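A.B. asks: Got a structure for you, written out below as structure tokens; questions coming shortly.
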Amino acid sequence: TKQNMFLQTTEGEPYRNALQYAVYGFMAAKVIQTQKPGVSVTSCLALSQAALHLARTNSAMSKTWLHQYCFIPRRIVNNREWYRFLTAPLMHTNEFHLLLNVISLLNVGSVLERQYGKARFLFLTFVTAVASGMMDVALSYGLDTILQQPKYFNQVSVGFSGIISALAVLTTQHTKVYGMIVPSDPTYYINMVVSNFVNPNVHNLGHTAGFLVGVLYKNGLLTVLFDMYKNASTSVRKLLH
């Protein structure tokens with residue numbers, strides 16, 4: 001899930017260390033379970049998020065980190081803090097938030113990594129991170145300007161699930177609705193609805209943005225970026241040979 005800044009665990013809570021060890025142990029088991037021969041991009045992405053969360057929660061600058069690197073549409077637009085497109089997905093509010101995203105990433109990412117290959121999957125993740133963030137900013141700006149709902153443009157959120165929502169579109173069955181290719185598997189939509197009941201603080205706009213980016217990709221509207229990647233890869237291989 002992509003979450004608003006909430007449920008911050010308090011330093012010194014008696015259950016904190018036990019919870020951390022349990023969460024990281026479970027994630028390590030999942031990584032090992034999905035690990036194939038060679039270096040897995042999906043596993044590296046999952047482990048890097050866990051390592052960053054562990055470093056942040058054990059730092060005296062914990063809350064400062066979250067505020068400095070989280071996703072805030074207004075600051076991205078007004079202050080041109082574009083780096084938040086890439087830093088916010090790597091941040092998580094708590095262990096439960098981290099666990100949900102890591103499990104989802106391992107399930108979706110392992111499928112796409114086998115399908116696209118390591119390099120292209122990594123590029124796909126980068127593109128969906130930026131595109132989902134831009135879509136989120138556009139939606140929040142529209143709600144602020146047209147519907148006079150400024151809370152979305154000022155909303156603070158973190159998490160990898162905007163990217164996961166986009167990637168998940170690529171792994172589901174599809175159908176055409178008014179000429180547009182969209183997911184036909186009801187499980188995709190059920191998961192989005194259920195996540196709201198499990199956690200009412202889910203950043204729904206981020207999930208919606210990811211969904212729209214995934215649909216755009218399936219309909220070929222992001223093809224130009226992958227053509228650029230393919231041409232660059234071909235040029236590099238020629239230079240190396």
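Labels for the structure tokens follow display order: chains A, B, ..., residues from 1 in each chain, ligands from 1.
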Could you pull the residues within 6 Å of region 124-132 of chain A, counting only C-alpha atoms, minus those fewer than 5 positions along the same chain, as a PyMOL selection string?
C.D. replies: chain A and resi 85+163+209-210
A.B. asks: For N, CA, C and O atoms, I'd like the residues from the last selection saved as a JSON list (two decimals), in the first residue's frame.
C.D. replies:
```json
[["chain", "number", "residue", "atom", "x", "y", "z"],
["A", 85, "PHE", "N", 9.99, 11.85, -6.53],
["A", 85, "PHE", "CA", 9.42, 10.78, -7.34],
["A", 85, "PHE", "C", 10.11, 9.45, -7.07],
["A", 85, "PHE", "O", 9.50, 8.39, -7.17],
["A", 163, "ILE", "N", 3.85, 2.20, -7.69],
["A", 163, "ILE", "CA", 4.60, 1.44, -8.69],
["A", 163, "ILE", "C", 4.03, 0.03, -8.81],
["A", 163, "ILE", "O", 3.83, -0.48, -9.92],
["A", 209, "ALA", "N", -3.25, 6.48, -9.60],
["A", 209, "ALA", "CA", -2.23, 6.95, -10.54],
["A", 209, "ALA", "C", -1.44, 5.78, -11.11],
["A", 209, "ALA", "O", -1.19, 5.71, -12.32],
["A", 210, "GLY", "N", -1.06, 4.83, -10.25],
["A", 210, "GLY", "CA", -0.34, 3.65, -10.71],
["A", 210, "GLY", "C", -1.16, 2.83, -11.68],
["A", 210, "GLY", "O", -0.66, 2.35, -12.70]]
```
A.B. asks: Just want the 10 Å neighbourhood of region 165-171 of chain A, counted on only C-alpha atoms, with same-chain residues fewer than 5 positions away dropped. Output as a CSV table (one decimal) with N, CA and C atoms, in the first residue's frame.
C.D. replies:
```csv
chain,number,residue,atom,x,y,z
A,1,THR,N,0.8,-1.2,0.0
A,1,THR,CA,0.0,0.0,0.0
A,1,THR,C,0.9,1.2,0.0
A,2,LYS,N,0.3,2.3,-0.6
A,2,LYS,CA,1.0,3.6,-0.5
A,2,LYS,C,0.2,4.4,0.6
A,104,SER,N,4.0,-7.8,-1.9
A,104,SER,CA,3.4,-7.5,-3.2
A,104,SER,C,4.5,-7.4,-4.3
A,105,LEU,N,5.6,-6.7,-4.0
A,105,LEU,CA,6.7,-6.5,-5.0
A,105,LEU,C,7.3,-7.8,-5.4
A,107,ASN,N,5.9,-10.8,-5.4
A,107,ASN,CA,4.9,-11.6,-6.2
A,107,ASN,C,4.8,-11.0,-7.6
A,108,VAL,N,4.7,-9.7,-7.7
A,108,VAL,CA,4.5,-9.1,-9.0
A,108,VAL,C,5.9,-9.0,-9.8
A,109,GLY,N,6.9,-8.5,-9.1
A,109,GLY,CA,8.2,-8.3,-9.7
A,109,GLY,C,8.8,-9.6,-10.2
A,111,VAL,N,7.5,-12.2,-11.5
A,111,VAL,CA,6.8,-12.5,-12.7
A,111,VAL,C,7.4,-11.7,-13.9
A,112,LEU,N,7.4,-10.4,-13.7
A,112,LEU,CA,7.8,-9.4,-14.7
A,112,LEU,C,9.3,-9.5,-15.0
A,115,GLN,N,9.8,-12.3,-17.3
A,115,GLN,CA,9.2,-12.0,-18.6
A,115,GLN,C,10.0,-11.0,-19.4
A,121,PHE,N,13.4,-4.9,-16.8
A,121,PHE,CA,12.5,-4.8,-15.6
A,121,PHE,C,12.9,-3.6,-14.7
A,124,LEU,N,11.8,-0.5,-16.4
A,124,LEU,CA,10.3,-0.5,-16.3
A,124,LEU,C,9.9,0.1,-14.9
A,125,THR,N,10.6,-0.4,-13.9
A,125,THR,CA,10.3,0.1,-12.5
A,125,THR,C,10.6,1.6,-12.4
A,128,THR,N,7.9,3.6,-14.3
A,128,THR,CA,6.6,3.6,-13.6
A,128,THR,C,6.7,4.4,-12.3
A,129,ALA,N,7.9,4.5,-11.7
A,129,ALA,CA,8.0,5.3,-10.5
A,129,ALA,C,7.8,6.8,-10.8
A,131,ALA,N,6.5,8.0,-13.7
A,131,ALA,CA,5.2,8.2,-14.4
A,131,ALA,C,4.1,8.2,-13.4
A,132,SER,N,4.1,7.3,-12.4
A,132,SER,CA,3.1,7.2,-11.4
A,132,SER,C,3.1,8.5,-10.5
A,160,PHE,N,5.8,2.1,-1.9
A,160,PHE,CA,6.1,1.6,-3.2
A,160,PHE,C,4.9,1.2,-4.0
A,182,VAL,N,-7.8,-2.9,-20.5
A,182,VAL,CA,-7.9,-2.7,-19.1
A,182,VAL,C,-7.9,-4.1,-18.4
A,183,PRO,N,-7.5,-4.2,-17.2
A,183,PRO,CA,-7.5,-5.5,-16.5
A,183,PRO,C,-8.9,-6.1,-16.4
A,184,SER,N,-9.0,-7.4,-16.7
A,184,SER,CA,-10.3,-8.0,-16.6
A,184,SER,C,-10.4,-8.9,-15.4
A,185,ASP,N,-9.3,-9.2,-14.7
A,185,ASP,CA,-9.3,-10.0,-13.6
A,185,ASP,C,-9.9,-9.3,-12.4
A,188,TYR,N,-7.7,-8.0,-9.2
A,188,TYR,CA,-7.0,-6.7,-9.2
A,188,TYR,C,-7.8,-5.7,-8.5
A,192,MET,N,-7.6,-3.7,-4.5
A,192,MET,CA,-7.5,-2.3,-4.3
A,192,MET,C,-8.6,-1.9,-3.3
A,206,GLY,N,-2.6,7.7,-5.1
A,206,GLY,CA,-1.4,7.0,-5.6
A,206,GLY,C,-1.7,5.7,-6.3
A,207,HIS,N,-2.6,4.9,-5.7
A,207,HIS,CA,-3.0,3.6,-6.3
A,207,HIS,C,-3.6,3.9,-7.7
A,208,THR,N,-4.5,4.9,-7.7
A,208,THR,CA,-5.2,5.2,-9.0
A,208,THR,C,-4.2,5.7,-10.0
A,209,ALA,N,-3.3,6.5,-9.6
A,209,ALA,CA,-2.2,7.0,-10.5
A,209,ALA,C,-1.4,5.8,-11.1
A,210,GLY,N,-1.1,4.8,-10.2
A,210,GLY,CA,-0.3,3.7,-10.7
A,210,GLY,C,-1.2,2.8,-11.7
A,211,PHE,N,-2.4,2.6,-11.4
A,211,PHE,CA,-3.3,1.9,-12.2
A,211,PHE,C,-3.4,2.5,-13.6
A,212,LEU,N,-3.5,3.9,-13.7
A,212,LEU,CA,-3.6,4.6,-14.9
A,212,LEU,C,-2.3,4.5,-15.7
A,213,VAL,N,-1.2,4.5,-15.1
A,213,VAL,CA,0.1,4.4,-15.8
A,213,VAL,C,0.2,3.0,-16.4
A,214,GLY,N,-0.2,1.9,-15.6
A,214,GLY,CA,-0.2,0.6,-16.1
A,214,GLY,C,-1.1,0.4,-17.3
A,215,VAL,N,-2.3,1.0,-17.3
A,215,VAL,CA,-3.2,1.0,-18.5
A,215,VAL,C,-2.6,1.7,-19.7
A,216,LEU,N,-1.9,2.9,-19.4
A,216,LEU,CA,-1.3,3.6,-20.5
A,216,LEU,C,-0.2,2.7,-21.1
A,217,TYR,N,0.6,2.0,-20.3
A,217,TYR,CA,1.6,1.2,-20.8
A,217,TYR,C,1.0,0.0,-21.7
A,218,LYS,N,0.0,-0.6,-21.2
A,218,LYS,CA,-0.6,-1.7,-21.9
A,218,LYS,C,-1.2,-1.2,-23.3
```
A.B. asks: Could you pull out all residues of region 21-231 of chain A with a DSSP call of alpha helix (DSSP H) and give them as an MDAnalysis selection string?
C.D. replies: chainID A and resid 21:34 41:57 62:69 73:79 84:87 95:116 118:145 150:153 161:169 186:198 204:218 223:231
A.B. asks: Looking at A:Ala46, A:Leu100, A:Val137, A:Ala55, which one is nearest to Arg80 (chain A), with distances taken over only C-alpha atoms?
C.D. replies: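 Of the candidates, the smallest distance to Arg80 (chain A) is held by A:Val137.
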A.B. asks: Using only C-alpha atoms for the distances, tell me which of A:Val156, A:Leu106, A:Leu222, A:Leu147 is nearest to Ser43 (chain A).
C.D. replies: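 For Ser43 (chain A), the nearest of the candidates is A:Leu106.
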A.B. asks: Considering only C-alpha atoms, return as JSON, numbers by chain whatever protein or nucleic-acid residues lie within 10 Å of Ala138 (chain A), sequence-local ones (same chain, fewer than 5 positions apart) excluded.
C.D. replies: {"A": [73, 77, 132, 133, 143, 144, 153, 209]}
A.B. asks: CA of Ile103 (chain A) to CA of Ser157 (chain A): how many Å, to one decimal?
C.D. replies: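 Result for CA of Ile103 (chain A) versus CA of Ser157 (chain A): 19.5 Å, one decimal.
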A.B. asks: Could you pull the residues within 8 Å of Ala50 (chain A), counting only C-alpha atoms, minus those fewer than 3 positions along the same chain, as JSON, numbers by chain?
C.D. replies: {"A": [24, 46, 47, 53, 54, 98]}
A.B. asks: Could those residues be written to a file, using N, CA and C atoms, as a short mmCIF file (atom, residue, chain, number, x, y, z; two decimals), in the first residue's frame?
C.D. replies:
```
data_model
loop_
_atom_site.label_atom_id
_atom_site.label_comp_id
_atom_site.auth_asym_id
_atom_site.auth_seq_id
_atom_site.Cartn_x
_atom_site.Cartn_y
_atom_site.Cartn_z
N TYR A 24 11.36 -8.61 9.47
CA TYR A 24 12.53 -8.80 8.63
C TYR A 24 12.84 -10.28 8.40
N ALA A 46 13.52 -5.17 -2.97
CA ALA A 46 12.86 -5.47 -1.69
C ALA A 46 13.81 -5.29 -0.52
N LEU A 47 15.02 -5.83 -0.66
CA LEU A 47 16.00 -5.75 0.43
C LEU A 47 16.46 -4.32 0.67
N HIS A 53 14.54 1.20 5.60
CA HIS A 53 13.58 1.36 6.70
C HIS A 53 14.26 1.07 8.04
N LEU A 54 15.08 0.04 8.07
CA LEU A 54 15.79 -0.30 9.30
C LEU A 54 16.73 0.82 9.71
N LEU A 98 5.70 -1.70 5.29
CA LEU A 98 6.84 -2.26 4.56
C LEU A 98 6.56 -3.70 4.14
#
```
